[in-house]
Amino acid sequence: MRIDKFLKVSRIIKRRTVAAEACDAGKIHVNGRAVKPAYVLKVNDIVEVRLGSTPIKFTVKNLNEKASKDEAQTLYEVIK
């Protein structure tokens, strides 16, 4: 699944276009490197989103393209 779509489906970022713009601006990193919106995520990838004052770092646990609001939090696990 593409990183921009995952960020939208998991409800980390509300809109896919905003997720794509964040990728283009270099604010989304997967496994330590900046990625483009078309980057294909895999399970166990470590994603860091640097929007706002505090970055969010999480591990991808599941790739479900049609996750409901309740299922969205099962797609990833936040790393502290």
# chains A, B, ... in the order shown; residues from 1 in each chain; ligands from 1
>>> select_by_dssp(residues="chain A", states="alpha helix (DSSP H)", output="ChimeraX atom specification")
/A:3-9,16-24
>>> write_last_selection(atoms="N, CA and C atoms", output="PDB file, in the first residue's frame")
ATOM      1  N   ILE A   3       2.343   4.908   0.816  1.00  0.00           N
ATOM      2  CA  ILE A   3       2.464   5.593   2.105  1.00  0.00           C
ATOM      3  C   ILE A   3       1.404   6.682   2.271  1.00  0.00           C
ATOM      4  N   ASP A   4       1.086   7.420   1.205  1.00  0.00           N
ATOM      5  CA  ASP A   4       0.083   8.481   1.341  1.00  0.00           C
ATOM      6  C   ASP A   4      -1.304   7.909   1.646  1.00  0.00           C
ATOM      7  N   LYS A   5      -1.627   6.776   1.034  1.00  0.00           N
ATOM      8  CA  LYS A   5      -2.913   6.130   1.295  1.00  0.00           C
ATOM      9  C   LYS A   5      -2.945   5.542   2.709  1.00  0.00           C
ATOM     10  N   PHE A   6      -1.848   4.944   3.149  1.00  0.00           N
ATOM     11  CA  PHE A   6      -1.800   4.387   4.497  1.00  0.00           C
ATOM     12  C   PHE A   6      -2.013   5.470   5.551  1.00  0.00           C
ATOM     13  N   LEU A   7      -1.366   6.616   5.380  1.00  0.00           N
ATOM     14  CA  LEU A   7      -1.510   7.696   6.355  1.00  0.00           C
ATOM     15  C   LEU A   7      -2.948   8.190   6.434  1.00  0.00           C
ATOM     16  N   LYS A   8      -3.656   8.166   5.311  1.00  0.00           N
ATOM     17  CA  LYS A   8      -5.057   8.577   5.294  1.00  0.00           C
ATOM     18  C   LYS A   8      -5.959   7.509   5.899  1.00  0.00           C
ATOM     19  N   VAL A   9      -5.788   6.255   5.494  1.00  0.00           N
ATOM     20  CA  VAL A   9      -6.631   5.157   5.980  1.00  0.00           C
ATOM     21  C   VAL A   9      -6.441   4.953   7.486  1.00  0.00           C
ATOM     22  N   ARG A  16      -5.498  12.550   1.923  1.00  0.00           N
ATOM     23  CA  ARG A  16      -4.415  11.920   1.158  1.00  0.00           C
ATOM     24  C   ARG A  16      -3.552  12.966   0.465  1.00  0.00           C
ATOM     25  N   THR A  17      -4.158  14.055   0.016  1.00  0.00           N
ATOM     26  CA  THR A  17      -3.360  15.101  -0.637  1.00  0.00           C
ATOM     27  C   THR A  17      -2.405  15.765   0.346  1.00  0.00           C
ATOM     28  N   VAL A  18      -2.829  15.938   1.583  1.00  0.00           N
ATOM     29  CA  VAL A  18      -1.951  16.508   2.616  1.00  0.00           C
ATOM     30  C   VAL A  18      -0.810  15.533   2.907  1.00  0.00           C
ATOM     31  N   ALA A  19      -1.104  14.246   2.940  1.00  0.00           N
ATOM     32  CA  ALA A  19      -0.070  13.231   3.148  1.00  0.00           C
ATOM     33  C   ALA A  19       0.941  13.247   1.999  1.00  0.00           C
ATOM     34  N   ALA A  20       0.445  13.378   0.780  1.00  0.00           N
ATOM     35  CA  ALA A  20       1.339  13.424  -0.388  1.00  0.00           C
ATOM     36  C   ALA A  20       2.217  14.676  -0.345  1.00  0.00           C
ATOM     37  N   GLU A  21       1.647  15.807   0.043  1.00  0.00           N
ATOM     38  CA  GLU A  21       2.426  17.044   0.147  1.00  0.00           C
ATOM     39  C   GLU A  21       3.492  16.937   1.237  1.00  0.00           C
ATOM     40  N   ALA A  22       3.160  16.276   2.352  1.00  0.00           N
ATOM     41  CA  ALA A  22       4.132  16.079   3.424  1.00  0.00           C
ATOM     42  C   ALA A  22       5.289  15.199   2.942  1.00  0.00           C
ATOM     43  N   CYS A  23       4.983  14.179   2.151  1.00  0.00           N
ATOM     44  CA  CYS A  23       6.035  13.322   1.582  1.00  0.00           C
ATOM     45  C   CYS A  23       6.944  14.131   0.655  1.00  0.00           C
ATOM     46  N   ASP A  24       6.336  14.923  -0.199  1.00  0.00           N
ATOM     47  CA  ASP A  24       7.118  15.733  -1.136  1.00  0.00           C
ATOM     48  C   ASP A  24       7.998  16.749  -0.414  1.00  0.00           C
TER      49      ASP A  24
END
>>> residues_around(residues="Ile79 of chain A", least_positions_apart="5", cutoff="7 Å", atoms="only C-alpha atoms", output="MDAnalysis selection string")
chainID A and resid 57:59
>>> write_last_selection(atoms="N, CA and C atoms", output="PDB file, in the first residue's frame")
ATOM      1  N   LYS A  57       6.328   8.525  15.676  1.00  0.00           N
ATOM      2  CA  LYS A  57       7.070   7.383  15.157  1.00  0.00           C
ATOM      3  C   LYS A  57       6.265   6.131  15.456  1.00  0.00           C
ATOM      4  N   PHE A  58       6.050   5.310  14.429  1.00  0.00           N
ATOM      5  CA  PHE A  58       5.248   4.110  14.614  1.00  0.00           C
ATOM      6  C   PHE A  58       5.715   2.988  13.705  1.00  0.00           C
ATOM      7  N   THR A  59       5.306   1.761  14.062  1.00  0.00           N
ATOM      8  CA  THR A  59       5.591   0.577  13.270  1.00  0.00           C
ATOM      9  C   THR A  59       4.318   0.139  12.570  1.00  0.00           C
TER      10      THR A  59
END
>>> closest_residue(among="A:Ala34, A:Val60, A:Ile28, A:Ala67", to="Glu48 of chain A", atoms="only C-alpha atoms")
A:Ile28
>>> closest_residue(among="A:Val35, A:Ala72, A:Val30, A:Ile12", to="Leu51 of chain A", atoms="only C-alpha atoms")
A:Ile12
>>> select_by_dssp(residues="segment 2-56 of chain A", states="strand (DSSP E)", output="count of residues only")
10
>>> atom_distance(atom1="atom CA of Met1 of chain A", atom2="atom CA of Lys66 of chain A")
11.2 Å
>>> atom_distance(atom1="atom CA of Glu77 of chain A", atom2="atom CA of Lys61 of chain A")
6.7 Å
>>> closest_residue(among="A:Arg50, A:Ile13, A:Gly32, A:Val43", to="Asn64 of chain A", atoms="only C-alpha atoms")
A:Val43
>>> atom_distance(atom1="atom CA of His29 of chain A", atom2="atom CA of Val49 of chain A")
6.6 Å
>>> residues_around(residues="Ala38 of chain A", least_positions_apart="2", cutoff="7 Å", atoms="only C-alpha atoms", output="list of chain:residue names")
A:Arg2, A:Ile3, A:Lys36, A:Val40
>>> closest_residue(among="A:Arg15, A:Thr54, A:Tyr76, A:Ser68", to="Lys42 of chain A", atoms="only C-alpha atoms")
A:Tyr76
